[in-house]
>>> print(open('protein.cif').read())   # mmCIF, C-alpha atoms
data_target
#
loop_
_atom_site.label_atom_id
_atom_site.label_comp_id
_atom_site.auth_asym_id
_atom_site.auth_seq_id
_atom_site.Cartn_x
_atom_site.Cartn_y
_atom_site.Cartn_z
CA ASP A 1 -7.54 49.55 21.79
CA ALA A 2 -10.65 48.03 23.33
CA LYS A 3 -10.08 44.50 24.57
CA THR A 4 -11.70 41.33 23.30
CA THR A 5 -12.10 38.01 25.08
CA GLN A 6 -12.31 34.71 23.25
CA PRO A 7 -12.26 31.08 24.38
CA ASN A 8 -8.82 29.52 24.03
CA SER A 9 -10.08 26.62 21.94
CA MET A 10 -13.16 25.05 20.41
CA GLU A 11 -13.85 21.83 18.58
CA SER A 12 -16.27 20.95 15.85
CA ASN A 13 -17.12 18.11 13.53
CA GLU A 14 -16.84 18.45 9.81
CA GLU A 15 -19.97 19.76 8.06
CA GLU A 16 -21.47 21.01 11.31
CA PRO A 17 -22.01 24.70 12.12
CA VAL A 18 -19.51 26.44 14.40
CA HIS A 19 -20.25 29.45 16.56
CA LEU A 20 -17.15 31.29 17.74
CA PRO A 21 -17.94 33.83 20.46
CA CYS A 22 -16.18 37.08 21.28
CA ASN A 23 -16.82 39.43 24.17
CA HIS A 24 -15.96 43.11 23.85
CA SER A 25 -17.79 44.78 26.70
CA THR A 26 -15.75 48.02 26.45
CA ILE A 27 -16.43 48.53 22.75
CA SER A 28 -16.92 52.14 21.70
CA GLY A 29 -19.51 53.41 19.27
CA THR A 30 -16.97 53.77 16.46
CA ASP A 31 -15.27 50.38 16.84
CA TYR A 32 -15.64 48.00 13.93
CA ILE A 33 -15.60 44.30 14.80
CA HIS A 34 -13.20 42.38 12.58
CA TRP A 35 -12.48 38.69 12.37
CA TYR A 36 -9.30 37.26 10.93
CA ARG A 37 -8.07 33.71 10.91
CA GLN A 38 -4.64 32.16 10.67
CA LEU A 39 -4.27 28.78 9.06
CA PRO A 40 -1.22 26.72 10.08
CA SER A 41 2.01 28.24 8.72
CA GLN A 42 0.11 31.05 6.98
CA GLY A 43 -0.37 34.76 7.50
CA PRO A 44 -3.62 36.09 8.97
CA GLU A 45 -6.54 36.11 6.57
CA TYR A 46 -9.49 38.50 6.68
CA VAL A 47 -12.81 36.76 7.33
CA ILE A 48 -15.50 39.36 7.95
CA HIS A 49 -16.25 42.63 9.70
CA GLY A 50 -19.25 44.59 10.90
CA LEU A 51 -20.32 47.61 12.90
CA THR A 52 -23.87 47.14 14.15
CA SER A 53 -25.81 44.89 11.79
CA ASN A 54 -25.30 41.19 11.15
CA VAL A 55 -23.16 40.50 8.11
CA ASN A 56 -22.84 37.61 5.69
CA ASN A 57 -20.18 36.82 3.13
CA ARG A 58 -19.03 33.74 1.28
CA MET A 59 -16.82 32.65 4.16
CA ALA A 60 -18.95 33.23 7.24
CA SER A 61 -21.62 35.20 9.04
CA LEU A 62 -21.15 37.70 11.83
CA ALA A 63 -23.85 38.10 14.43
CA ILE A 64 -23.52 41.23 16.56
CA ALA A 65 -25.42 41.60 19.82
CA GLU A 66 -27.82 44.50 20.05
CA ASP A 67 -25.71 46.20 22.72
CA ARG A 68 -22.55 45.39 20.68
CA LYS A 69 -20.82 44.00 23.74
CA SER A 70 -20.41 40.62 22.08
CA SER A 71 -20.37 39.03 18.66
CA THR A 72 -20.34 35.55 17.16
CA LEU A 73 -18.58 34.33 14.07
CA ILE A 74 -20.61 31.60 12.41
CA LEU A 75 -19.14 29.04 10.05
CA HIS A 76 -22.20 27.37 8.58
CA ARG A 77 -20.56 24.08 7.62
CA ALA A 78 -17.10 23.55 8.99
CA THR A 79 -14.56 21.86 6.78
CA LEU A 80 -11.12 20.54 7.66
CA ARG A 81 -9.70 23.59 5.93
CA ASP A 82 -11.40 25.81 8.52
CA ALA A 83 -9.09 24.53 11.26
CA ALA A 84 -7.24 27.68 12.27
CA VAL A 85 -6.79 30.31 14.96
CA TYR A 86 -9.64 32.81 14.80
CA TYR A 87 -9.05 36.35 16.00
CA CYS A 88 -11.72 38.86 16.99
CA ILE A 89 -10.28 42.38 16.68
CA LEU A 90 -11.74 45.82 17.26
CA ARG A 91 -10.63 48.61 14.96
CA ASP A 92 -11.40 52.16 15.86
CA VAL A 93 -10.93 55.62 14.54
CA ALA A 94 -7.72 56.88 16.05
CA ALA A 95 -7.08 60.50 16.82
CA GLY A 96 -7.37 62.56 13.69
CA GLY A 97 -10.17 60.52 12.17
CA THR A 98 -8.17 57.70 10.61
CA SER A 99 -7.12 54.27 11.66
CA TYR A 100 -3.51 53.57 10.84
CA GLY A 101 -4.06 49.92 10.11
CA LYS A 102 -2.76 48.69 13.40
CA LEU A 103 -4.50 45.44 14.16
CA THR A 104 -4.05 44.30 17.75
CA PHE A 105 -4.14 40.52 17.81
CA GLY A 106 -5.00 38.58 20.95
CA GLN A 107 -4.43 34.87 21.46
CA GLY A 108 -7.54 33.99 19.48
CA THR A 109 -9.55 30.77 19.48
CA ILE A 110 -7.93 27.61 18.17
CA LEU A 111 -10.59 25.80 16.17
CA THR A 112 -10.13 22.07 15.70
CA VAL A 113 -12.33 20.36 13.11
CA HIS A 114 -12.77 16.61 13.37
CA PRO A 115 -13.49 14.49 10.27
CA GLU B 1 -7.76 37.08 -5.81
CA PRO B 2 -4.65 39.30 -5.72
CA GLU B 3 -2.14 38.46 -3.02
CA VAL B 4 0.78 39.82 -1.08
CA THR B 5 4.03 38.04 -1.93
CA GLN B 6 6.93 37.68 0.48
CA THR B 7 10.47 36.49 -0.21
CA PRO B 8 12.31 34.53 0.94
CA SER B 9 10.03 32.12 2.76
CA HIS B 10 12.89 31.18 5.09
CA GLN B 11 16.00 33.14 6.00
CA VAL B 12 18.80 31.99 8.25
CA THR B 13 21.38 34.50 9.41
CA GLN B 14 24.12 34.90 11.96
CA MET B 15 23.67 37.21 14.92
CA GLY B 16 24.89 40.70 14.08
CA GLN B 17 24.27 40.37 10.36
CA GLU B 18 21.95 42.60 8.38
CA VAL B 19 18.87 41.08 6.76
CA ILE B 20 16.37 42.45 4.30
CA LEU B 21 12.94 40.93 4.06
CA ARG B 22 11.06 41.64 0.86
CA CYS B 23 7.41 42.02 0.08
CA VAL B 24 5.39 42.80 -3.01
CA PRO B 25 2.09 44.30 -1.85
CA ILE B 26 -1.09 44.21 -3.90
CA SER B 27 -0.54 46.55 -6.83
CA ASN B 28 -3.17 49.24 -6.20
CA HIS B 29 -2.72 49.31 -2.42
CA LEU B 30 -1.38 52.42 -0.78
CA TYR B 31 -0.76 51.36 2.83
CA PHE B 32 1.84 48.84 3.87
CA TYR B 33 2.57 47.10 7.13
CA TRP B 34 4.95 44.71 8.84
CA TYR B 35 3.93 42.39 11.64
CA ARG B 36 5.84 39.63 13.34
CA GLN B 37 5.00 36.50 15.29
CA ILE B 38 7.46 34.84 17.60
CA LEU B 39 6.86 31.10 17.81
CA GLY B 40 3.87 30.37 20.04
CA GLN B 41 3.08 34.04 20.64
CA LYS B 42 0.69 36.66 19.32
CA VAL B 43 0.95 38.43 16.00
CA GLU B 44 2.50 41.84 16.81
CA PHE B 45 2.31 45.08 14.86
CA LEU B 46 5.66 46.58 13.90
CA VAL B 47 5.10 49.47 11.52
CA SER B 48 2.77 51.05 9.01
CA PHE B 49 3.93 53.00 5.96
CA TYR B 50 2.21 55.38 3.59
CA ASN B 51 3.39 57.88 1.02
CA ASN B 52 7.02 56.98 1.68
CA GLU B 53 6.74 57.72 5.37
CA ILE B 54 6.22 55.72 8.51
CA SER B 55 2.68 56.37 9.78
CA GLU B 56 2.94 54.51 13.04
CA LYS B 57 5.42 52.19 14.71
CA SER B 58 5.43 50.04 17.79
CA GLU B 59 7.97 49.93 20.60
CA ILE B 60 9.48 46.86 18.97
CA PHE B 61 10.41 48.89 15.90
CA ASP B 62 13.58 50.46 17.26
CA ASP B 63 16.59 51.94 15.46
CA GLN B 64 17.69 48.50 14.30
CA PHE B 65 14.66 48.32 12.01
CA SER B 66 13.92 50.32 8.88
CA VAL B 67 11.43 50.11 6.06
CA GLU B 68 11.63 51.27 2.50
CA ARG B 69 9.67 51.26 -0.71
CA PRO B 70 12.60 51.28 -3.12
CA ASP B 71 10.46 51.17 -6.25
CA GLY B 72 6.84 51.04 -7.29
CA SER B 73 6.31 47.43 -6.32
CA ASN B 74 8.53 46.32 -3.44
CA PHE B 75 8.32 47.03 0.27
CA THR B 76 11.23 45.97 2.45
CA LEU B 77 12.02 45.52 6.12
CA LYS B 78 15.67 45.79 7.09
CA ILE B 79 17.10 44.64 10.38
CA ARG B 80 20.53 46.24 10.71
CA SER B 81 22.19 43.97 13.24
CA THR B 82 20.14 40.91 14.02
CA LYS B 83 19.75 39.54 17.53
CA LEU B 84 18.66 36.09 18.64
CA GLU B 85 15.34 37.53 19.79
CA ASP B 86 14.59 38.75 16.25
CA SER B 87 13.91 35.15 15.29
CA ALA B 88 10.26 35.14 14.26
CA MET B 89 7.84 34.91 11.36
CA TYR B 90 7.56 38.31 9.69
CA PHE B 91 4.37 39.15 7.85
CA CYS B 92 3.90 41.91 5.34
CA ALA B 93 0.41 43.30 4.77
CA SER B 94 -1.20 45.91 2.58
CA SER B 95 -4.49 47.73 2.25
CA TYR B 96 -6.01 50.17 -0.19
CA ASN B 97 -7.21 52.47 2.52
CA ARG B 98 -6.71 52.82 6.26
CA VAL B 99 -10.21 53.45 7.49
CA PRO B 100 -11.46 51.15 10.26
CA ASN B 101 -13.70 49.14 7.95
CA GLU B 102 -10.88 48.34 5.55
CA LYS B 103 -9.40 44.86 5.42
CA LEU B 104 -5.72 44.03 5.40
CA PHE B 105 -4.20 41.45 3.10
CA PHE B 106 -1.30 39.49 4.58
CA GLY B 107 1.49 37.58 2.92
CA SER B 108 2.50 34.05 3.92
CA GLY B 109 5.47 35.34 5.86
CA THR B 110 9.23 35.02 6.05
CA GLN B 111 10.56 32.78 8.79
CA LEU B 112 13.71 34.45 10.11
CA SER B 113 16.10 32.34 12.15
CA VAL B 114 18.99 34.12 13.85
CA LEU B 115 21.78 31.80 14.98
#
>>> encode(input="protein.cif", output="structure tokens")
Amino acid sequence: DAKTTQPNSMESNEEEPVHLPCNHSTISGTDYIHWYRQLPSQGPEYVIHGLTSNVNNRMASLAIAEDRKSSTLILHRATLRDAAVYYCILRDVAAGGTSYGKLTFGQGTILTVHP
Amino acid sequence: EPEVTQTPSHQVTQMGQEVILRCVPISNHLYFYWYRQILGQKVEFLVSFYNNEISEKSEIFDDQFSVERPDGSNFTLKIRSTKLEDSAMYFCASSYNRVPNEKLFFGSGTQLSVL
């Protein structure tokens, strides 16, 4: 799997925007960029994914660089509930044309949100 | 939103004992997974399962581990003879499809403590 690099930790204040960066300089043309987060004592939770274009959903926005070597997860107004570990994960098409669901988690970015 | 349910939330066992961790995936999902997370470490893939067969497994998933879908709703992970190093949080996940733009839904986990 292609490797991603994220800062170990970031801090934000409540109700401010948060930009969580991810570098994936060895990304291949068929890699999807996924973001998951893990709240304390919970399982990972899907946040958003994209391939080439920027994406928005009710939880966040994903901005993908034109060369796809980096991406940024944007939380528009952080809340205390957004304090979590955020994982940037690449998912590709394995041999045979299917991905077997194997997500490779790194250490992620620990997001602390201050009241 | 539908969710993946795991039972029990905590399990304590003696070294050498067999344990079965149970999961109820989302009802219309076809692909099932187990991951684990040792305290303070990354979330690690163990195994994926589809159509009553293992699709992929990691090096961690040795002969001591087995998975089963005993009926139409449950998905289980059995550890035949537990070791101290099996102590971890075990997460079940499911997805409808296994293409790279599909999201996985995770349960809240079972904390396994081997004494």
>>> interface_residues(input="protein.cif", of="chain B", to="chain A", cutoff="12 Å", atoms="only C-alpha atoms", output="ChimeraX atom specification")
/B:3-6,9-10,30-37,39-50,54-58,89-111
>>> residues_around(input="protein.cif", residues="segment 82-84 of chain B", least_positions_apart="2", cutoff="12 Å", atoms="all atoms listed in the file", output="VMD selection string")
chain B and resid 11 to 20 38 63 to 65 78 to 80 86 to 88 112 to 115
>>> resolve_selection(input="protein.cif", expression="the PyMOL selection byres ((chain B and resi 22) around 8)", output="PyMOL selection string")
chain B and resi 6-8+20-21+23-24+74-77
>>> resolve_selection(input="protein.cif", expression="the PyMOL selection byres ((chain A and resi 13) around 12)", output="number ranges by chain")
A: 10-12, 14-18, 75-83, 111-115
>>> atom_distance(input="protein.cif", atom1="atom CA of Arg58 of chain A", atom2="atom CA of Thr72 of chain A")
16.0 Å
>>> atom_distance(input="protein.cif", atom1="atom CA of His29 of chain B", atom2="atom CA of Glu53 of chain B")
14.9 Å
>>> axis_aligned_box(input="protein.cif", around="segment 70-79 of chain B", padding_each_side="6 Å", output="AutoDock Vina command-line options")
--center_x 11.7 --center_y 48.0 --center_z 1.5 --size_x 22.8 --size_y 18.6 --size_z 29.7
>>> resolve_selection(input="protein.cif", expression="the PyMOL selection byres ((chain A and resi 25) around 7)", output="list in words")
Asn23, His24, Thr26, Ile27, Lys69 and Ser70 of chain A
>>> atom_distance(input="protein.cif", atom1="atom CA of Pro70 of chain B", atom2="atom CA of Asn52 of chain B")
9.3 Å
>>> residues_around(input="protein.cif", residues="Pro7 of chain A", least_positions_apart="3", cutoff="9 Å", atoms="all atoms listed in the file", output="count of residues only")
7
>>> closest_residue(input="protein.cif", among="A:His19, A:Leu39, A:Cys88, A:Thr4", to="Ala60 of chain A", atoms="only C-alpha atoms")
A:His19
>>> closest_residue(input="protein.cif", among="A:Asn8, A:Thr52, A:Asn57, A:Ser71", to="Gly29 of chain A", atoms="only C-alpha atoms")
A:Thr52
